[in-house]
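Colleague: Starting off with a structure, shown below.
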Amino acid sequence: MNNTSKFNRRLVEFLVIAVSVIFVAPIILVFLTSFKPDAEIIRFQGIMPIEWTLGNFREILGAPEEIPIFRWLFNSFLISFSVTFLVLTVSSLAAYGLARLNLPGGRILFFLIIATLMVPPQILLVPVYLILNTLGWLDTPLALIIPAGAGAFGVFLLHQFFKGIPKDLEEAAAIDGCSKLGIYWHVILPLSKPALATLGIFTFIGSWNDFMGPLIFLDSVEKYTLPVGIALFQTSYYAEYGLTLAASVICTLPVIVVFLFFHKYIIRGIAMSGLKE
(Lines give C-alpha, C1' and ligand atoms only; values in the text may rest on other atoms or scores of the structure.)
Protein backbone atom coordinates (compact mmCIF):
# COMPACT_ATOMS: atom_id res chain seq x y z
CA MET A 1 0.00 0.00 0.00
CA ASN A 2 1.57 3.30 -1.12
CA ASN A 3 1.58 6.55 0.86
CA THR A 4 -1.33 8.03 -1.12
CA SER A 5 -3.57 5.05 -0.36
CA LYS A 6 -2.63 5.17 3.32
CA PHE A 7 -3.41 8.89 3.45
CA ASN A 8 -6.80 8.40 1.76
CA ARG A 9 -7.65 5.57 4.14
CA ARG A 10 -6.69 7.65 7.20
CA LEU A 11 -8.72 10.57 5.86
CA VAL A 12 -11.80 8.39 5.39
CA GLU A 13 -11.37 6.92 8.88
CA PHE A 14 -11.06 10.40 10.37
CA LEU A 15 -14.22 11.59 8.58
CA VAL A 16 -16.16 8.52 9.73
CA ILE A 17 -15.06 9.08 13.34
CA ALA A 18 -15.90 12.80 13.15
CA VAL A 19 -19.39 12.15 11.76
CA SER A 20 -19.97 9.42 14.37
CA VAL A 21 -19.04 11.80 17.17
CA ILE A 22 -21.40 14.46 15.80
CA PHE A 23 -24.29 11.99 15.81
CA VAL A 24 -23.52 10.29 19.13
CA ALA A 25 -22.51 13.35 21.19
CA PRO A 26 -26.07 14.71 21.77
CA ILE A 27 -27.26 11.28 22.96
CA ILE A 28 -24.34 10.94 25.37
CA LEU A 29 -24.95 14.48 26.63
CA VAL A 30 -28.62 13.69 27.33
CA PHE A 31 -27.70 10.53 29.25
CA LEU A 32 -25.05 12.26 31.36
CA THR A 33 -27.19 15.33 32.05
CA SER A 34 -30.08 13.16 33.27
CA PHE A 35 -27.89 12.16 36.24
CA LYS A 36 -27.29 15.78 37.27
CA PRO A 37 -29.31 17.72 39.86
CA ASP A 38 -31.16 20.75 38.55
CA ALA A 39 -28.60 23.15 40.01
CA GLU A 40 -25.84 21.66 37.86
CA ILE A 41 -28.03 21.64 34.76
CA ILE A 42 -28.94 25.32 35.10
CA ARG A 43 -25.36 26.34 35.92
CA PHE A 44 -23.38 24.32 33.39
CA GLN A 45 -19.96 23.41 34.76
CA GLY A 46 -18.97 20.53 32.51
CA ILE A 47 -20.23 17.55 30.58
CA MET A 48 -19.67 15.03 33.37
CA PRO A 49 -21.87 15.36 36.47
CA ILE A 50 -20.09 16.65 39.56
CA GLU A 51 -22.71 15.11 41.85
CA TRP A 52 -24.26 11.97 40.38
CA THR A 53 -27.89 11.45 41.34
CA LEU A 54 -30.76 9.11 40.51
CA GLY A 55 -33.31 11.54 41.93
CA ASN A 56 -34.70 12.44 38.51
CA PHE A 57 -35.45 8.80 37.71
CA ARG A 58 -36.86 8.12 41.20
CA GLU A 59 -39.28 11.04 40.88
CA ILE A 60 -40.53 9.89 37.47
CA LEU A 61 -40.84 6.20 38.33
CA GLY A 62 -42.24 6.88 41.80
CA ALA A 63 -45.38 8.75 40.76
CA PRO A 64 -47.45 6.35 38.59
CA GLU A 65 -50.71 8.21 39.28
CA GLU A 66 -49.32 11.53 38.05
CA ILE A 67 -46.89 10.12 35.47
CA PRO A 68 -48.10 6.68 34.25
CA ILE A 69 -44.81 5.95 32.55
CA PHE A 70 -45.01 2.20 33.18
CA ARG A 71 -48.38 2.12 31.41
CA TRP A 72 -46.95 4.10 28.49
CA LEU A 73 -43.97 1.74 28.40
CA PHE A 74 -46.27 -1.31 28.30
CA ASN A 75 -48.34 0.25 25.51
CA SER A 76 -45.23 0.97 23.45
CA PHE A 77 -43.91 -2.58 23.84
CA LEU A 78 -47.31 -4.11 23.03
CA ILE A 79 -47.83 -2.04 19.90
CA SER A 80 -44.22 -2.26 18.67
CA PHE A 81 -43.96 -6.04 19.09
CA SER A 82 -47.40 -6.56 17.52
CA VAL A 83 -46.60 -4.36 14.53
CA THR A 84 -43.22 -6.05 14.07
CA PHE A 85 -44.75 -9.54 14.13
CA LEU A 86 -47.51 -8.54 11.71
CA VAL A 87 -45.12 -6.83 9.30
CA LEU A 88 -42.74 -9.80 9.24
CA THR A 89 -45.63 -12.19 8.60
CA VAL A 90 -47.46 -10.20 5.91
CA SER A 91 -44.35 -8.87 4.14
CA SER A 92 -42.61 -12.26 4.01
CA LEU A 93 -45.70 -13.97 2.58
CA ALA A 94 -46.22 -11.23 -0.01
CA ALA A 95 -42.54 -11.15 -0.97
CA TYR A 96 -42.41 -14.94 -1.28
CA GLY A 97 -45.43 -14.96 -3.58
CA LEU A 98 -44.07 -12.18 -5.78
CA ALA A 99 -40.48 -13.44 -5.90
CA ARG A 100 -40.86 -17.22 -6.20
CA LEU A 101 -44.35 -18.24 -7.37
CA ASN A 102 -44.45 -16.55 -10.81
CA LEU A 103 -47.88 -15.07 -10.18
CA PRO A 104 -49.79 -13.61 -13.17
CA GLY A 105 -49.25 -9.87 -13.14
CA GLY A 106 -46.72 -10.22 -10.32
CA ARG A 107 -44.31 -7.69 -11.82
CA ILE A 108 -47.04 -5.07 -12.18
CA LEU A 109 -48.28 -5.72 -8.64
CA PHE A 110 -44.74 -5.45 -7.27
CA PHE A 111 -44.27 -2.16 -9.14
CA LEU A 112 -47.51 -0.78 -7.66
CA ILE A 113 -46.44 -1.81 -4.17
CA ILE A 114 -43.08 -0.07 -4.58
CA ALA A 115 -44.83 3.00 -6.01
CA THR A 116 -46.63 3.48 -2.69
CA LEU A 117 -43.27 4.37 -1.14
CA MET A 118 -43.50 7.70 -2.98
CA VAL A 119 -46.80 8.59 -1.30
CA PRO A 120 -46.25 10.79 1.80
CA PRO A 121 -47.84 9.08 4.81
CA GLN A 122 -49.40 12.36 5.93
CA ILE A 123 -51.74 12.22 2.91
CA LEU A 124 -53.24 8.97 4.20
CA LEU A 125 -54.03 10.22 7.70
CA VAL A 126 -57.54 11.47 6.93
CA PRO A 127 -58.78 8.38 5.02
CA VAL A 128 -57.18 6.06 7.60
CA TYR A 129 -58.85 8.04 10.40
CA LEU A 130 -62.25 7.74 8.70
CA ILE A 131 -61.81 3.99 8.18
CA LEU A 132 -60.75 3.46 11.81
CA ASN A 133 -63.71 5.53 12.99
CA THR A 134 -66.09 3.40 10.90
CA LEU A 135 -64.61 0.22 12.37
CA GLY A 136 -64.75 1.61 15.91
CA TRP A 137 -61.01 1.15 16.44
CA LEU A 138 -60.14 4.72 17.43
CA ASP A 139 -58.53 5.01 20.87
CA THR A 140 -57.56 1.32 20.79
CA PRO A 141 -54.22 -0.41 20.04
CA LEU A 142 -55.76 -1.82 16.83
CA ALA A 143 -55.71 1.70 15.36
CA LEU A 144 -51.90 1.61 15.44
CA ILE A 145 -51.28 -2.10 14.82
CA ILE A 146 -53.48 -3.00 11.83
CA PRO A 147 -52.70 -0.05 9.48
CA ALA A 148 -48.98 -0.52 10.11
CA GLY A 149 -49.14 -4.27 9.64
CA ALA A 150 -47.89 -4.20 6.05
CA GLY A 151 -45.58 -1.90 4.16
CA ALA A 152 -43.91 -1.62 0.78
CA PHE A 153 -40.44 -1.35 2.29
CA GLY A 154 -40.69 -4.77 3.92
CA VAL A 155 -41.99 -6.39 0.74
CA PHE A 156 -39.19 -4.79 -1.30
CA LEU A 157 -36.44 -5.79 1.13
CA LEU A 158 -37.55 -9.40 1.45
CA HIS A 159 -38.38 -9.68 -2.26
CA GLN A 160 -34.80 -8.78 -3.17
CA PHE A 161 -33.45 -11.19 -0.59
CA PHE A 162 -35.68 -14.07 -1.69
CA LYS A 163 -34.59 -13.55 -5.31
CA GLY A 164 -31.04 -14.34 -4.24
CA ILE A 165 -31.87 -17.74 -2.75
CA PRO A 166 -30.95 -20.55 -5.21
CA LYS A 167 -33.96 -22.26 -6.75
CA ASP A 168 -32.19 -25.61 -6.49
CA LEU A 169 -33.05 -25.65 -2.79
CA GLU A 170 -36.75 -25.23 -3.54
CA GLU A 171 -36.66 -27.88 -6.25
CA ALA A 172 -34.96 -30.34 -3.90
CA ALA A 173 -37.59 -29.65 -1.23
CA ALA A 174 -40.39 -30.09 -3.80
CA ILE A 175 -38.95 -33.44 -4.88
CA ASP A 176 -39.06 -34.52 -1.24
CA GLY A 177 -42.79 -33.75 -1.21
CA CYS A 178 -42.72 -30.30 0.36
CA SER A 179 -45.61 -27.99 -0.52
CA LYS A 180 -45.25 -24.31 -1.47
CA LEU A 181 -46.13 -23.30 2.07
CA GLY A 182 -43.72 -25.90 3.42
CA ILE A 183 -40.92 -24.54 1.23
CA TYR A 184 -41.70 -21.05 2.52
CA TRP A 185 -41.60 -22.23 6.14
CA HIS A 186 -38.76 -24.77 6.08
CA VAL A 187 -36.47 -23.40 3.36
CA ILE A 188 -37.04 -19.69 2.65
CA LEU A 189 -37.52 -18.35 6.18
CA PRO A 190 -34.53 -20.15 7.79
CA LEU A 191 -32.25 -18.81 5.02
CA SER A 192 -33.67 -15.30 5.38
CA LYS A 193 -32.86 -14.64 9.04
CA PRO A 194 -30.55 -11.64 8.31
CA ALA A 195 -33.18 -9.90 6.17
CA LEU A 196 -35.98 -10.72 8.62
CA ALA A 197 -33.91 -9.44 11.54
CA THR A 198 -33.12 -6.24 9.63
CA LEU A 199 -36.76 -5.63 8.78
CA GLY A 200 -37.78 -6.46 12.35
CA ILE A 201 -35.33 -3.94 13.80
CA PHE A 202 -36.38 -1.16 11.45
CA THR A 203 -40.06 -1.88 12.06
CA PHE A 204 -39.70 -2.03 15.84
CA ILE A 205 -37.74 1.22 15.99
CA GLY A 206 -40.13 2.97 13.62
CA SER A 207 -43.18 1.83 15.59
CA TRP A 208 -41.55 2.70 18.92
CA ASN A 209 -40.67 6.23 17.76
CA ASP A 210 -44.00 6.85 16.03
CA PHE A 211 -45.50 10.06 17.34
CA MET A 212 -48.09 11.22 14.84
CA GLY A 213 -50.15 8.01 14.79
CA PRO A 214 -50.72 7.72 18.57
CA LEU A 215 -51.29 11.46 18.83
CA ILE A 216 -54.09 11.40 16.22
CA PHE A 217 -55.70 8.01 16.78
CA LEU A 218 -55.56 7.83 20.61
CA ASP A 219 -57.49 10.03 23.04
CA SER A 220 -57.03 8.48 26.50
CA VAL A 221 -53.87 9.37 28.39
CA GLU A 222 -53.53 5.85 29.80
CA LYS A 223 -53.50 4.46 26.24
CA TYR A 224 -50.70 6.72 25.00
CA THR A 225 -47.41 5.28 23.86
CA LEU A 226 -44.18 6.45 25.43
CA PRO A 227 -43.22 9.18 22.87
CA VAL A 228 -46.64 10.88 23.13
CA GLY A 229 -46.69 10.43 26.90
CA ILE A 230 -43.24 11.98 27.21
CA ALA A 231 -44.33 14.92 25.05
CA LEU A 232 -47.36 15.42 27.34
CA PHE A 233 -45.04 15.14 30.33
CA GLN A 234 -42.66 17.76 28.90
CA THR A 235 -45.45 20.31 28.51
CA SER A 236 -46.23 19.98 32.23
CA TYR A 237 -42.62 19.88 33.46
CA TYR A 238 -40.93 22.05 30.84
CA ALA A 239 -38.97 23.97 33.51
CA GLU A 240 -37.66 20.82 35.26
CA TYR A 241 -34.87 19.87 32.91
CA GLY A 242 -33.61 16.89 34.90
CA LEU A 243 -37.00 15.17 34.85
CA THR A 244 -37.44 15.87 31.14
CA LEU A 245 -34.03 14.41 30.27
CA ALA A 246 -34.59 11.38 32.52
CA ALA A 247 -37.88 10.72 30.73
CA SER A 248 -36.11 11.02 27.40
CA VAL A 249 -33.52 8.45 28.52
CA ILE A 250 -36.27 6.00 29.52
CA CYS A 251 -37.88 6.49 26.10
CA THR A 252 -34.62 6.02 24.21
CA LEU A 253 -32.95 3.22 26.16
CA PRO A 254 -35.09 0.26 24.91
CA VAL A 255 -34.41 1.17 21.28
CA ILE A 256 -30.67 1.41 21.92
CA VAL A 257 -30.66 -1.98 23.66
CA VAL A 258 -32.54 -3.60 20.77
CA PHE A 259 -30.15 -2.05 18.27
CA LEU A 260 -27.04 -3.17 20.17
CA PHE A 261 -28.29 -6.77 20.29
CA PHE A 262 -29.23 -7.01 16.61
CA HIS A 263 -27.13 -4.37 14.83
CA LYS A 264 -24.91 -6.98 13.12
CA TYR A 265 -27.90 -8.17 11.10
CA ILE A 266 -28.63 -4.74 9.63
CA ILE A 267 -25.55 -4.43 7.38
CA ARG A 268 -25.61 -8.13 6.53
CA GLY A 269 -29.29 -8.13 5.68
CA ILE A 270 -29.18 -4.99 3.54
CA ALA A 271 -26.03 -6.15 1.74
CA MET A 272 -27.42 -9.58 0.96
CA SER A 273 -30.83 -8.22 -0.09
CA GLY A 274 -29.22 -6.85 -3.24
CA LEU A 275 -27.71 -10.17 -4.35
CA LYS A 276 -29.09 -11.90 -7.39
CA GLU A 277 -29.05 -15.56 -8.21
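Residues are referred to by chain and number: the chain letter is A, B, ... according to the order shown in the C-alpha coordinates, the number counts from 1 in that chain, and ligands are numbered separately from 1 in the order shown.
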Excluding Leu32 of chain A and its own-chain neighbours fewer than 6 positions away, which residues fall within 12 Å of it when counting only C-alpha atoms? Please give them as a list in words.
Modeller: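 Neighbouring residues, sequence-local ones excluded: Ala25, Pro26, Glu40, Ile41, Gly46, Ile47, Met48, Pro49, Ile50, Glu51, Trp52, Thr53, Leu54, Gly242, Leu245, Ala246, Ser248 and Val249 of chain A.
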Colleague: If we count only C-alpha atoms and set the cut-off at 12 Å, which residues sit around Asp168 of chain A, ignoring sequence neighbours fewer than 4 positions away in its own chain? Please answer as a PyMOL selection string.
Modeller: chain A and resi 164+172-175+183+187-188+277
Colleague: Can you pull out the residues contacting Arg58 of chain A? Cut-off 12 Å, using only C-alpha atoms, and skip same-chain residues under 3 positions away; I want them as a VMD selection string.
Modeller: chain A and resid 34 to 35 53 to 55 61 to 64 67 69 242 to 243 246 to 247 250
Colleague: What is the atom CA of Val128 of chain A-atom CA of Phe211 of chain A distance in Å, reported with one decimal?
Modeller: 15.7 Å
Colleague: Can you tell me, as a ChimeraX atom specification, which residues in segment 7-246 of chain A count as helix (DSSP H, G or I) by DSSP?
Modeller: /A:7-33,38-42,55-61,69-100,106-118,121-135,142-145,152-163,167-175,180-191,193-209,212-217,221-223,226-236,241-246
Colleague: Suppose you want the space between atom CA of Met212 of chain A and atom CA of Pro120 of chain A; what is it in Å?
Modeller: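 So the answer is 13.2 Å.
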